[in-house]
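Novice: Have a look at the structure that comes next, please.
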Amino acid sequence: MKDDRQVEALLRELAPQVIGLLVRKHGQFDACEDAVQEALLSAAQQWPEQGVPDSPKSWLTTVASRRLVDEWRSESARRRREENDALMDPTPVTVSDSDDTLTVLFLCCHPSLSAPSQLALTLRAVGGLTTGEIANAFLVPESTLAQRISRAKQTIKKAGAEFVLPPSAELGERLRVVLQVLYLIFNEGYTTSGGPDLHRADLTAEAIRLTRLLRRLMPEEDEVTGLLALMLLTDARRAARAGDDGSLVPLAEQDRTRWNAETIAEGVSLVSEALESGPVGPYQVQAAIAAVHSEAATAADTDWPQILALYDVLEKVSPGPVVTLNRAVAVAEVNGPEAGLELLATLDDDSRMSQTHRLDSVRGHLLELAGDTGAAREAYLRAAGKTASEPERQYLTRRAERLS
């Protein structure tokens with residue numbers, strides 16, 4: 001008999017596989033996904049007490065198929081069935097060894113969906129999380145999240161998306177969206193956008209699990225390897241990021257003996273492997289930057305010239321305001337805070353940075369390094385007023401108070 005955690009892990013692995021089996025048989029991704037969710041809930045309730053069936057995939061497929069039949073027999077579904085008689089083939093679903101997880105993942109990240117919808121649908125259909133768990137992670141009411149998922153599935157249906165992998169001509173761009181969704185899930189877990197907690201370990205763990213799965217399915221894609229390396233190298237610092245009271249501890253002040261050495265070693269190995277294969281992508285470069293930080297025994301030992309050189313590469317490969325923001329910190333470490341502030345000023349009129357607290361936060365840090373404590377304090381307070389994360393707000397407020 002398996003414990004609850006083992007059952008949960010098994011269900012998350014099987015969820016997209018069973019969805020794939022049903023969609024291939026019946027079509028109607030929306031109805032099949034709902035049926036699988038109900039089957040997962042039944043399994044989560046029964047398996048810990050009654051034991052895992054000999055063929056858990058067949059069990060889930062059978063239960064989900066029954067749910068579909070029950071739905072189609074309902075009064076509202078009868079009219080739909082009359083229009084789709086072909087979908088009501090009574091032949092039972094044959095459970096095969098094929099794994100449609102990759103197809104499900106690409107479907108959930110369909111370009112017709114908004115980013116929030118992609119996140120929610122991926123976590124539910126591929127991650128096997130319940131609507132309540134996802135709503136809790138993103139601090140929205142469960143009813144709101146349920147509507148978002150429902151609309152996402154209807155959007156996919158209206159777009160005429162087929163349950164097949166994208167053609168080779170579209171695969172690169174679609175993979176970019178998939179990687180972005182996985183990274184957004186990780187970032188929301190590593191630094192929550194709102195609420196009392198600094199991080200959500202369940203989300204970071206799920207993002208890493210899904211990226212490992214994607215790498216197994218697409219081992220030739222170096223950017224997948226780079227993203228996995230970046231996640232591991234970042235997550236390795238998690239234990240040192242918060243004080244005993246849950247407060248934020250910045251990178252320069254972290255106790256590096258608390259960093260996970262085993263995870264760092266795996267991340268460094270992965271990024272080295274990815275960088276040796278050919279042209280580099282943004283996730284590989286970011287992972288290389290994280291590796292340089294990880295190799296420094298203390299903050300003073302950080303090889304900032306190498307980090308700046310890597311940011312120069314990243315700005316060419318994937319330019320954007322966030323890259324410029326982070327590069328400004330490296331510029332300040334190498335060439336002085338005034339040089340960093342000069343680069344930071346180029347973002348002042350960028351509308352993409354107007355809603356985030358990070359520009360003022362970094363400006364406060366660089367102004368403090370430059371000795372302009374009054375301006376630094378004001379910047380910290382502006383940043384504190386813009387973040388919805390309680391630990392970040394408290395940290396920024398304390399920084400400002402220290403300069404009073």
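Residue names in the structure tokens use chain letters A, B, ... in the order shown, residue numbers from 1 in each chain, and ligand numbers from 1 in the order shown.
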Please give the complete set of residues from stretch 86-250 of chain A that DSSP, run on the backbone, assigns to alpha helix (DSSP H), formatted as a compact mmCIF listing (two decimals) with N, CA, C and O atoms, in the first residue's frame.
Specialist:
```
# COMPACT_ATOMS: atom_id res chain seq x y z
N THR A 101 1.42 12.67 -23.11
CA THR A 101 1.65 13.81 -22.22
C THR A 101 2.15 15.02 -22.99
O THR A 101 1.71 16.16 -22.74
N LEU A 102 3.07 14.81 -23.91
CA LEU A 102 3.63 15.94 -24.65
C LEU A 102 2.55 16.63 -25.49
O LEU A 102 2.49 17.85 -25.54
N THR A 103 1.68 15.83 -26.10
CA THR A 103 0.59 16.40 -26.90
C THR A 103 -0.36 17.21 -26.02
O THR A 103 -0.80 18.30 -26.39
N VAL A 104 -0.68 16.68 -24.85
CA VAL A 104 -1.56 17.40 -23.92
C VAL A 104 -0.91 18.71 -23.49
O VAL A 104 -1.56 19.75 -23.41
N LEU A 105 0.39 18.67 -23.20
CA LEU A 105 1.11 19.87 -22.77
C LEU A 105 1.07 20.95 -23.84
O LEU A 105 0.79 22.12 -23.56
N PHE A 106 1.33 20.58 -25.09
CA PHE A 106 1.29 21.56 -26.17
C PHE A 106 -0.12 22.09 -26.37
O PHE A 106 -0.30 23.27 -26.69
N LEU A 107 -1.12 21.24 -26.18
CA LEU A 107 -2.50 21.70 -26.34
C LEU A 107 -2.87 22.71 -25.27
O LEU A 107 -3.53 23.72 -25.54
N CYS A 108 -2.44 22.46 -24.03
CA CYS A 108 -2.73 23.39 -22.93
C CYS A 108 -2.02 24.73 -23.10
O CYS A 108 -2.45 25.73 -22.54
N ALA A 115 -1.92 33.91 -21.16
CA ALA A 115 -0.94 33.29 -20.27
C ALA A 115 -1.57 32.72 -18.99
O ALA A 115 -1.26 31.60 -18.60
N PRO A 116 -2.47 33.46 -18.31
CA PRO A 116 -3.10 32.88 -17.12
C PRO A 116 -3.87 31.60 -17.42
O PRO A 116 -3.87 30.67 -16.61
N SER A 117 -4.54 31.55 -18.58
CA SER A 117 -5.28 30.35 -18.95
C SER A 117 -4.34 29.19 -19.24
O SER A 117 -4.62 28.05 -18.88
N GLN A 118 -3.24 29.48 -19.90
CA GLN A 118 -2.24 28.44 -20.16
C GLN A 118 -1.71 27.86 -18.86
O GLN A 118 -1.56 26.63 -18.72
N LEU A 119 -1.42 28.73 -17.91
CA LEU A 119 -0.90 28.28 -16.61
C LEU A 119 -1.91 27.37 -15.92
O LEU A 119 -1.57 26.27 -15.47
N ALA A 120 -3.14 27.83 -15.83
CA ALA A 120 -4.16 27.08 -15.10
C ALA A 120 -4.44 25.74 -15.76
O ALA A 120 -4.52 24.70 -15.08
N LEU A 121 -4.59 25.74 -17.09
CA LEU A 121 -4.93 24.51 -17.79
C LEU A 121 -3.77 23.52 -17.74
O LEU A 121 -3.98 22.31 -17.59
N THR A 131 -8.70 22.11 -9.15
CA THR A 131 -9.00 23.52 -9.34
C THR A 131 -8.76 24.30 -8.05
O THR A 131 -8.22 25.42 -8.08
N GLY A 132 -9.12 23.71 -6.92
CA GLY A 132 -8.90 24.38 -5.63
C GLY A 132 -7.44 24.60 -5.34
O GLY A 132 -7.05 25.66 -4.83
N GLU A 133 -6.59 23.62 -5.65
CA GLU A 133 -5.16 23.76 -5.41
C GLU A 133 -4.57 24.87 -6.26
O GLU A 133 -3.73 25.66 -5.80
N ILE A 134 -4.99 24.94 -7.51
CA ILE A 134 -4.46 25.98 -8.40
C ILE A 134 -4.95 27.35 -7.96
O ILE A 134 -4.18 28.33 -7.94
N ALA A 135 -6.21 27.44 -7.60
CA ALA A 135 -6.76 28.72 -7.13
C ALA A 135 -6.03 29.20 -5.89
O ALA A 135 -5.71 30.39 -5.76
N ASN A 136 -5.72 28.28 -5.00
CA ASN A 136 -4.99 28.64 -3.78
C ASN A 136 -3.59 29.14 -4.10
O ASN A 136 -3.09 30.08 -3.49
N ALA A 137 -2.96 28.51 -5.09
CA ALA A 137 -1.59 28.90 -5.46
C ALA A 137 -1.54 30.31 -6.03
O ALA A 137 -0.60 31.06 -5.78
N GLU A 142 -11.85 29.98 -6.06
CA GLU A 142 -11.93 28.75 -6.85
C GLU A 142 -12.92 28.90 -8.00
O GLU A 142 -12.70 28.37 -9.09
N SER A 143 -14.02 29.62 -7.77
CA SER A 143 -15.01 29.81 -8.83
C SER A 143 -14.41 30.58 -10.00
O SER A 143 -14.69 30.27 -11.17
N THR A 144 -13.57 31.57 -9.70
CA THR A 144 -12.90 32.34 -10.76
C THR A 144 -11.97 31.45 -11.57
O THR A 144 -11.94 31.51 -12.81
N LEU A 145 -11.20 30.63 -10.86
CA LEU A 145 -10.27 29.74 -11.53
C LEU A 145 -11.01 28.71 -12.39
O LEU A 145 -10.60 28.40 -13.51
N ALA A 146 -12.15 28.20 -11.86
CA ALA A 146 -12.93 27.22 -12.61
C ALA A 146 -13.46 27.83 -13.91
O ALA A 146 -13.44 27.19 -14.97
N GLN A 147 -13.90 29.08 -13.84
CA GLN A 147 -14.38 29.77 -15.04
C GLN A 147 -13.25 29.98 -16.04
O GLN A 147 -13.44 29.84 -17.25
N ARG A 148 -12.07 30.28 -15.53
CA ARG A 148 -10.91 30.49 -16.40
C ARG A 148 -10.57 29.21 -17.16
O ARG A 148 -10.31 29.23 -18.37
N ILE A 149 -10.60 28.09 -16.45
CA ILE A 149 -10.29 26.81 -17.08
C ILE A 149 -11.37 26.44 -18.09
O ILE A 149 -11.08 25.97 -19.20
N SER A 150 -12.62 26.67 -17.73
CA SER A 150 -13.72 26.36 -18.64
C SER A 150 -13.62 27.19 -19.91
O SER A 150 -13.79 26.67 -21.03
N ARG A 151 -13.34 28.48 -19.76
CA ARG A 151 -13.21 29.34 -20.94
C ARG A 151 -12.02 28.92 -21.79
O ARG A 151 -12.08 28.97 -23.03
N ALA A 152 -10.95 28.49 -21.15
CA ALA A 152 -9.76 28.06 -21.89
C ALA A 152 -10.08 26.85 -22.76
O ALA A 152 -9.68 26.79 -23.93
N LYS A 153 -10.82 25.91 -22.20
CA LYS A 153 -11.15 24.71 -22.98
C LYS A 153 -12.10 25.04 -24.13
O LYS A 153 -11.99 24.46 -25.22
N GLN A 154 -13.01 25.98 -23.89
CA GLN A 154 -13.91 26.40 -24.97
C GLN A 154 -13.15 27.14 -26.06
O GLN A 154 -13.45 27.00 -27.25
N THR A 155 -12.14 27.90 -25.65
CA THR A 155 -11.32 28.62 -26.64
C THR A 155 -10.57 27.64 -27.52
O THR A 155 -10.48 27.82 -28.75
N ILE A 156 -10.01 26.60 -26.91
CA ILE A 156 -9.31 25.58 -27.68
C ILE A 156 -10.27 24.91 -28.67
O ILE A 156 -9.93 24.67 -29.83
N LYS A 157 -11.48 24.65 -28.20
CA LYS A 157 -12.48 24.00 -29.06
C LYS A 157 -12.84 24.89 -30.24
O LYS A 157 -12.90 24.43 -31.39
N LYS A 158 -13.07 26.18 -29.97
CA LYS A 158 -13.44 27.11 -31.04
C LYS A 158 -12.30 27.32 -32.03
O LYS A 158 -12.53 27.58 -33.21
N SER A 168 6.35 20.41 -37.69
CA SER A 168 7.75 20.80 -37.42
C SER A 168 7.99 22.28 -37.65
O SER A 168 8.80 22.89 -36.95
N ALA A 169 7.28 22.87 -38.61
CA ALA A 169 7.48 24.29 -38.90
C ALA A 169 7.03 25.17 -37.74
O ALA A 169 7.53 26.29 -37.57
N GLU A 170 6.08 24.69 -36.91
CA GLU A 170 5.57 25.47 -35.78
C GLU A 170 6.14 25.03 -34.44
O GLU A 170 5.93 25.69 -33.42
N LEU A 171 6.86 23.92 -34.43
CA LEU A 171 7.25 23.31 -33.17
C LEU A 171 8.12 24.23 -32.33
O LEU A 171 7.95 24.33 -31.11
N GLY A 172 9.07 24.93 -32.98
CA GLY A 172 9.98 25.79 -32.23
C GLY A 172 9.26 26.89 -31.48
O GLY A 172 9.50 27.12 -30.29
N GLU A 173 8.34 27.57 -32.16
CA GLU A 173 7.60 28.66 -31.54
C GLU A 173 6.66 28.13 -30.46
O GLU A 173 6.53 28.72 -29.38
N ARG A 174 6.01 27.01 -30.71
CA ARG A 174 5.11 26.44 -29.72
C ARG A 174 5.90 25.96 -28.49
O ARG A 174 5.42 26.07 -27.36
N LEU A 175 7.09 25.40 -28.72
CA LEU A 175 7.92 24.97 -27.60
C LEU A 175 8.32 26.17 -26.75
O LEU A 175 8.38 26.08 -25.52
N ARG A 176 8.58 27.28 -27.39
CA ARG A 176 8.93 28.50 -26.64
C ARG A 176 7.81 28.88 -25.68
O ARG A 176 8.08 29.25 -24.52
N VAL A 177 6.56 28.75 -26.13
CA VAL A 177 5.43 29.06 -25.27
C VAL A 177 5.34 28.07 -24.11
O VAL A 177 5.11 28.44 -22.95
N VAL A 178 5.55 26.79 -24.41
CA VAL A 178 5.52 25.76 -23.36
C VAL A 178 6.57 26.04 -22.29
O VAL A 178 6.29 25.99 -21.08
N LEU A 179 7.78 26.37 -22.73
CA LEU A 179 8.85 26.66 -21.77
C LEU A 179 8.52 27.90 -20.94
O LEU A 179 8.80 27.94 -19.74
N GLN A 180 7.93 28.89 -21.58
CA GLN A 180 7.56 30.11 -20.87
C GLN A 180 6.53 29.80 -19.79
O GLN A 180 6.61 30.32 -18.67
N VAL A 181 5.55 28.95 -20.11
CA VAL A 181 4.51 28.60 -19.15
C VAL A 181 5.13 27.86 -17.95
O VAL A 181 4.83 28.15 -16.79
N LEU A 182 6.02 26.91 -18.23
CA LEU A 182 6.66 26.17 -17.14
C LEU A 182 7.50 27.10 -16.26
O LEU A 182 7.52 26.96 -15.03
N TYR A 183 8.18 28.05 -16.89
CA TYR A 183 9.01 28.99 -16.12
C TYR A 183 8.13 29.93 -15.30
O TYR A 183 8.49 30.28 -14.16
N LEU A 184 6.98 30.33 -15.82
CA LEU A 184 6.06 31.17 -15.06
C LEU A 184 5.54 30.42 -13.83
O LEU A 184 5.40 31.00 -12.75
N ILE A 185 5.25 29.13 -14.00
CA ILE A 185 4.81 28.33 -12.86
C ILE A 185 5.91 28.28 -11.81
O ILE A 185 5.66 28.47 -10.61
N PHE A 186 7.13 28.07 -12.26
CA PHE A 186 8.26 28.02 -11.32
C PHE A 186 8.43 29.35 -10.59
O PHE A 186 8.60 29.39 -9.36
N ASN A 187 8.40 30.45 -11.33
CA ASN A 187 8.62 31.76 -10.72
C ASN A 187 7.53 32.12 -9.72
O ASN A 187 7.80 32.73 -8.68
N GLU A 188 6.28 31.73 -10.02
CA GLU A 188 5.20 32.00 -9.08
C GLU A 188 5.42 31.22 -7.79
O GLU A 188 5.07 31.69 -6.70
N GLY A 189 6.01 30.04 -7.91
CA GLY A 189 6.31 29.26 -6.71
C GLY A 189 7.52 29.78 -5.97
O GLY A 189 7.56 29.79 -4.73
N TYR A 190 8.54 30.25 -6.70
CA TYR A 190 9.79 30.67 -6.06
C TYR A 190 9.64 32.01 -5.35
O TYR A 190 10.19 32.21 -4.26
N ALA A 201 6.53 25.92 -2.38
CA ALA A 201 7.37 24.80 -2.77
C ALA A 201 6.62 23.81 -3.66
O ALA A 201 7.24 23.13 -4.49
N ASP A 202 5.29 23.73 -3.50
CA ASP A 202 4.54 22.79 -4.33
C ASP A 202 4.58 23.20 -5.80
O ASP A 202 4.69 22.35 -6.70
N LEU A 203 4.54 24.52 -6.07
CA LEU A 203 4.58 24.98 -7.46
C LEU A 203 5.97 24.82 -8.06
O LEU A 203 6.10 24.42 -9.22
N THR A 204 7.02 25.14 -7.31
CA THR A 204 8.36 24.97 -7.85
C THR A 204 8.64 23.50 -8.13
O THR A 204 9.22 23.15 -9.16
N ALA A 205 8.21 22.64 -7.22
CA ALA A 205 8.41 21.20 -7.41
C ALA A 205 7.66 20.70 -8.64
O ALA A 205 8.18 19.88 -9.41
N GLU A 206 6.44 21.20 -8.84
CA GLU A 206 5.65 20.76 -9.99
C GLU A 206 6.26 21.27 -11.29
O GLU A 206 6.31 20.54 -12.29
N ALA A 207 6.76 22.49 -11.30
CA ALA A 207 7.41 23.03 -12.50
C ALA A 207 8.65 22.22 -12.85
O ALA A 207 8.89 21.91 -14.02
N ILE A 208 9.43 21.86 -11.83
CA ILE A 208 10.63 21.05 -12.07
C ILE A 208 10.24 19.66 -12.58
O ILE A 208 10.85 19.11 -13.51
N ARG A 209 9.20 19.07 -11.98
CA ARG A 209 8.75 17.75 -12.41
C ARG A 209 8.32 17.77 -13.87
O ARG A 209 8.71 16.90 -14.67
N LEU A 210 7.53 18.77 -14.25
CA LEU A 210 7.04 18.85 -15.62
C LEU A 210 8.18 19.13 -16.61
O LEU A 210 8.18 18.61 -17.73
N THR A 211 9.17 19.91 -16.19
CA THR A 211 10.30 20.19 -17.07
C THR A 211 11.18 18.95 -17.21
O THR A 211 11.72 18.68 -18.30
N ARG A 212 11.33 18.18 -16.15
CA ARG A 212 12.04 16.89 -16.27
C ARG A 212 11.32 15.99 -17.26
O ARG A 212 11.95 15.32 -18.09
N LEU A 213 10.00 15.96 -17.16
CA LEU A 213 9.21 15.14 -18.07
C LEU A 213 9.38 15.62 -19.50
O LEU A 213 9.56 14.80 -20.43
N LEU A 214 9.34 16.93 -19.72
CA LEU A 214 9.51 17.47 -21.06
C LEU A 214 10.89 17.13 -21.61
O LEU A 214 11.04 16.80 -22.80
N ARG A 215 11.90 17.17 -20.76
CA ARG A 215 13.26 16.81 -21.21
C ARG A 215 13.33 15.34 -21.61
O ARG A 215 14.02 14.98 -22.58
N ARG A 216 12.63 14.48 -20.86
CA ARG A 216 12.62 13.06 -21.22
C ARG A 216 11.95 12.84 -22.56
O ARG A 216 12.37 12.00 -23.35
N LEU A 217 10.91 13.64 -22.83
CA LEU A 217 10.19 13.51 -24.09
C LEU A 217 10.89 14.19 -25.26
O LEU A 217 10.70 13.79 -26.41
N ASP A 222 18.03 21.61 -26.41
CA ASP A 222 18.96 22.15 -25.42
C ASP A 222 18.31 23.20 -24.52
O ASP A 222 18.71 23.36 -23.36
N GLU A 223 17.31 23.93 -25.02
CA GLU A 223 16.67 24.94 -24.19
C GLU A 223 15.84 24.30 -23.09
O GLU A 223 15.68 24.87 -22.02
N VAL A 224 15.31 23.10 -23.34
CA VAL A 224 14.60 22.38 -22.28
C VAL A 224 15.59 22.01 -21.18
O VAL A 224 15.31 22.20 -19.98
N THR A 225 16.75 21.52 -21.58
CA THR A 225 17.80 21.21 -20.61
C THR A 225 18.25 22.46 -19.87
O THR A 225 18.46 22.43 -18.66
N GLY A 226 18.37 23.56 -20.61
CA GLY A 226 18.78 24.82 -19.98
C GLY A 226 17.77 25.30 -18.96
O GLY A 226 18.14 25.78 -17.88
N LEU A 227 16.48 25.17 -19.28
CA LEU A 227 15.45 25.60 -18.33
C LEU A 227 15.47 24.73 -17.08
O LEU A 227 15.34 25.25 -15.97
N LEU A 228 15.62 23.43 -17.25
CA LEU A 228 15.69 22.55 -16.09
C LEU A 228 16.89 22.92 -15.21
O LEU A 228 16.77 22.98 -13.98
N ALA A 229 18.03 23.18 -15.84
CA ALA A 229 19.22 23.58 -15.08
C ALA A 229 18.96 24.88 -14.32
O ALA A 229 19.33 25.01 -13.14
N LEU A 230 18.33 25.85 -14.98
CA LEU A 230 18.04 27.13 -14.34
C LEU A 230 17.13 26.94 -13.14
O LEU A 230 17.37 27.53 -12.07
N MET A 231 16.10 26.13 -13.28
CA MET A 231 15.20 25.88 -12.16
C MET A 231 15.93 25.23 -10.98
O MET A 231 15.76 25.64 -9.82
N LEU A 232 16.74 24.24 -11.27
CA LEU A 232 17.44 23.52 -10.20
C LEU A 232 18.43 24.44 -9.48
O LEU A 232 18.50 24.45 -8.25
N LEU A 233 19.19 25.21 -10.25
CA LEU A 233 20.20 26.09 -9.64
C LEU A 233 19.54 27.19 -8.81
O LEU A 233 20.09 27.62 -7.79
N THR A 234 18.39 27.64 -9.25
CA THR A 234 17.65 28.66 -8.49
C THR A 234 17.02 28.06 -7.25
O THR A 234 17.11 28.61 -6.15
N ASP A 235 16.35 26.93 -7.43
CA ASP A 235 15.64 26.30 -6.31
C ASP A 235 16.61 25.80 -5.24
O ASP A 235 16.22 25.66 -4.08
```
Novice: Show me, as a list in words, the residues that have an atom within 12 Å of A:Leu347 when counting only C-alpha atoms, minus same-chain residues fewer than 6 positions from it.
Specialist: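 Here the qualifying residues turn out to be Gly320, Pro321, Val322, Val323, Thr324, Leu325, Asn326, Arg327, Ala328, Gly340, Leu341, Met353, Ser354, Thr356, Arg358, Leu359, Asp360, Val362 and Arg363 of chain A.
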Novice: Could the residues in this selection be written to a file with all heavy atoms, as a short mmCIF file (atom, residue, chain, number, x, y, z; two decimals), in the first residue's frame?
Specialist:
```cif
data_model
loop_
_atom_site.label_atom_id
_atom_site.label_comp_id
_atom_site.auth_asym_id
_atom_site.auth_seq_id
_atom_site.Cartn_x
_atom_site.Cartn_y
_atom_site.Cartn_z
N GLY A 320 15.28 42.59 -23.48
CA GLY A 320 14.03 42.93 -22.80
C GLY A 320 14.32 43.70 -21.53
O GLY A 320 15.46 43.73 -21.04
N PRO A 321 13.31 44.33 -20.95
CA PRO A 321 13.51 45.17 -19.77
C PRO A 321 14.00 44.41 -18.54
O PRO A 321 14.79 44.94 -17.76
CB PRO A 321 12.13 45.79 -19.53
CG PRO A 321 11.17 44.88 -20.19
CD PRO A 321 11.90 44.35 -21.38
N VAL A 322 13.56 43.16 -18.36
CA VAL A 322 14.00 42.39 -17.20
C VAL A 322 15.48 42.06 -17.32
O VAL A 322 16.24 42.10 -16.33
CB VAL A 322 13.17 41.11 -17.05
CG1 VAL A 322 13.71 40.25 -15.91
CG2 VAL A 322 11.70 41.45 -16.80
N VAL A 323 15.93 41.75 -18.53
CA VAL A 323 17.36 41.49 -18.76
C VAL A 323 18.16 42.75 -18.47
O VAL A 323 19.21 42.70 -17.79
CB VAL A 323 17.60 41.01 -20.20
CG1 VAL A 323 19.11 40.87 -20.47
CG2 VAL A 323 16.90 39.68 -20.44
N THR A 324 17.69 43.88 -18.95
CA THR A 324 18.38 45.15 -18.69
C THR A 324 18.43 45.46 -17.20
O THR A 324 19.46 45.92 -16.68
CB THR A 324 17.67 46.30 -19.43
OG1 THR A 324 17.64 46.01 -20.83
CG2 THR A 324 18.40 47.62 -19.21
N LEU A 325 17.33 45.20 -16.51
CA LEU A 325 17.26 45.42 -15.06
C LEU A 325 18.33 44.61 -14.33
O LEU A 325 19.08 45.14 -13.50
CB LEU A 325 15.87 45.04 -14.55
CG LEU A 325 15.58 45.27 -13.07
CD1 LEU A 325 15.43 46.76 -12.79
CD2 LEU A 325 14.31 44.53 -12.66
N ASN A 326 18.42 43.34 -14.64
CA ASN A 326 19.40 42.48 -13.99
C ASN A 326 20.83 42.81 -14.43
O ASN A 326 21.77 42.73 -13.63
CB ASN A 326 19.09 41.01 -14.29
CG ASN A 326 17.81 40.54 -13.63
OD1 ASN A 326 17.47 40.98 -12.53
ND2 ASN A 326 17.06 39.68 -14.29
N ARG A 327 20.97 43.18 -15.68
CA ARG A 327 22.29 43.55 -16.17
C ARG A 327 22.80 44.81 -15.46
O ARG A 327 24.01 44.95 -15.22
CB ARG A 327 22.24 43.77 -17.68
CG ARG A 327 23.60 44.09 -18.32
CD ARG A 327 23.53 44.06 -19.83
NE ARG A 327 24.77 44.54 -20.41
CZ ARG A 327 25.01 45.80 -20.76
NH1 ARG A 327 24.04 46.72 -20.61
NH2 ARG A 327 26.16 46.16 -21.27
N ALA A 328 21.89 45.71 -15.11
CA ALA A 328 22.30 46.93 -14.41
C ALA A 328 22.97 46.61 -13.08
O ALA A 328 23.91 47.30 -12.67
CB ALA A 328 21.08 47.83 -14.18
N GLY A 340 25.59 51.60 -13.14
CA GLY A 340 24.37 50.79 -13.08
C GLY A 340 23.13 51.66 -13.11
O GLY A 340 22.15 51.33 -13.79
N LEU A 341 23.16 52.78 -12.40
CA LEU A 341 22.01 53.69 -12.38
C LEU A 341 21.78 54.33 -13.75
O LEU A 341 20.63 54.55 -14.15
CB LEU A 341 22.23 54.79 -11.33
CG LEU A 341 22.09 54.34 -9.87
CD1 LEU A 341 22.68 55.37 -8.92
CD2 LEU A 341 20.60 54.09 -9.54
N MET A 353 7.54 48.16 -17.33
CA MET A 353 8.08 48.16 -15.98
C MET A 353 7.27 49.00 -15.02
O MET A 353 7.56 49.05 -13.82
CB MET A 353 9.53 48.70 -16.01
CG MET A 353 10.48 47.90 -16.88
SD MET A 353 10.62 46.18 -16.35
CE MET A 353 11.43 46.37 -14.77
N SER A 354 6.22 49.65 -15.52
CA SER A 354 5.48 50.60 -14.69
C SER A 354 4.68 49.94 -13.58
O SER A 354 4.42 50.56 -12.54
CB SER A 354 4.54 51.44 -15.57
OG SER A 354 3.59 50.60 -16.22
N THR A 356 5.50 47.00 -12.02
CA THR A 356 6.29 46.14 -11.15
C THR A 356 7.09 46.95 -10.14
O THR A 356 7.46 48.10 -10.40
CB THR A 356 7.25 45.26 -11.97
OG1 THR A 356 8.05 44.46 -11.09
CG2 THR A 356 8.17 46.11 -12.84
N ARG A 358 10.03 46.00 -9.12
CA ARG A 358 11.44 45.61 -9.21
C ARG A 358 12.35 46.75 -9.67
O ARG A 358 13.51 46.82 -9.26
CB ARG A 358 11.59 44.39 -10.10
CG ARG A 358 10.75 43.22 -9.60
CD ARG A 358 11.23 41.88 -10.08
NE ARG A 358 10.35 40.83 -9.58
CZ ARG A 358 10.39 40.32 -8.37
NH1 ARG A 358 11.29 40.78 -7.50
NH2 ARG A 358 9.56 39.36 -7.99
N LEU A 359 11.84 47.62 -10.53
CA LEU A 359 12.68 48.73 -10.99
C LEU A 359 13.05 49.64 -9.83
O LEU A 359 14.22 50.00 -9.64
CB LEU A 359 11.95 49.52 -12.09
CG LEU A 359 12.70 50.73 -12.66
CD1 LEU A 359 14.04 50.32 -13.23
CD2 LEU A 359 11.84 51.42 -13.73
N ASP A 360 12.07 50.02 -8.99
CA ASP A 360 12.35 50.86 -7.83
C ASP A 360 13.20 50.11 -6.80
O ASP A 360 14.03 50.72 -6.12
CB ASP A 360 11.05 51.32 -7.19
CG ASP A 360 10.40 52.46 -7.97
OD1 ASP A 360 11.13 53.35 -8.41
OD2 ASP A 360 9.17 52.42 -8.14
N VAL A 362 15.54 47.76 -7.37
CA VAL A 362 16.93 47.75 -7.83
C VAL A 362 17.51 49.16 -7.76
O VAL A 362 18.67 49.36 -7.36
CB VAL A 362 17.03 47.19 -9.25
CG1 VAL A 362 18.45 47.37 -9.81
CG2 VAL A 362 16.66 45.71 -9.27
N ARG A 363 16.71 50.17 -8.11
CA ARG A 363 17.21 51.55 -8.03
C ARG A 363 17.57 51.90 -6.59
O ARG A 363 18.61 52.53 -6.33
CB ARG A 363 16.16 52.52 -8.58
CG ARG A 363 16.59 53.98 -8.46
CD ARG A 363 15.63 54.93 -9.14
NE ARG A 363 15.86 54.98 -10.57
CZ ARG A 363 14.99 54.59 -11.49
NH1 ARG A 363 13.81 54.11 -11.12
NH2 ARG A 363 15.27 54.67 -12.77
#
```
Novice: Write out as a short mmCIF file (atom, residue, chain, number, x, y, z; two decimals) with N, CA and C atoms, in the first residue's frame all residues of stretch 193-311 of chain A that DSSP puts in strand (DSSP E or B) for this structure's backbone.
Specialist:
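New file part35.cif:
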```cif
data_model
loop_
_atom_site.label_atom_id
_atom_site.label_comp_id
_atom_site.auth_asym_id
_atom_site.auth_seq_id
_atom_site.Cartn_x
_atom_site.Cartn_y
_atom_site.Cartn_z
N GLY A 194 1.86 37.42 -4.55
CA GLY A 194 1.06 38.06 -3.51
C GLY A 194 0.85 37.13 -2.34
N GLY A 195 0.40 37.70 -1.23
CA GLY A 195 0.08 36.88 -0.07
C GLY A 195 1.19 36.86 0.97
N ALA A 242 14.87 32.57 3.17
CA ALA A 242 13.96 33.10 4.18
C ALA A 242 14.55 32.92 5.57
N LEU A 248 12.38 37.77 3.90
CA LEU A 248 13.24 37.61 2.74
C LEU A 248 14.70 37.88 3.09
#
```
Novice: Compile the contact shell of A:Arg402 as a ChimeraX atom specification: residues with an atom at most 10 Å away, counting only C-alpha atoms, same-chain residues fewer than 5 positions apart removed.
Specialist: /A:373,377,396-397
Novice: Hey, can you spit out that residue selection with N, CA and C atoms as a compact mmCIF listing (two decimals), in the first residue's frame?
Specialist:
```
# COMPACT_ATOMS: atom_id res chain seq x y z
N THR A 373 21.47 58.04 0.34
CA THR A 373 20.54 57.32 1.21
C THR A 373 19.12 57.87 1.14
N ARG A 377 16.05 55.55 0.07
CA ARG A 377 14.91 55.30 0.95
C ARG A 377 13.60 55.52 0.21
N LEU A 396 11.51 45.43 1.96
CA LEU A 396 11.76 46.75 1.38
C LEU A 396 11.51 47.86 2.39
N THR A 397 10.48 47.68 3.22
CA THR A 397 10.18 48.69 4.26
C THR A 397 11.30 48.76 5.27
```
Novice: So which residues touch A:Asp34 within 12 Å, counting only C-alpha atoms, skipping near sequence neighbours fewer than 3 positions away, as a ChimeraX atom specification?
Specialist: /A:15-16,18-19,22-23,28-31,37-41,63-68,71,121,124-125,128,130-131,146,149-150,153
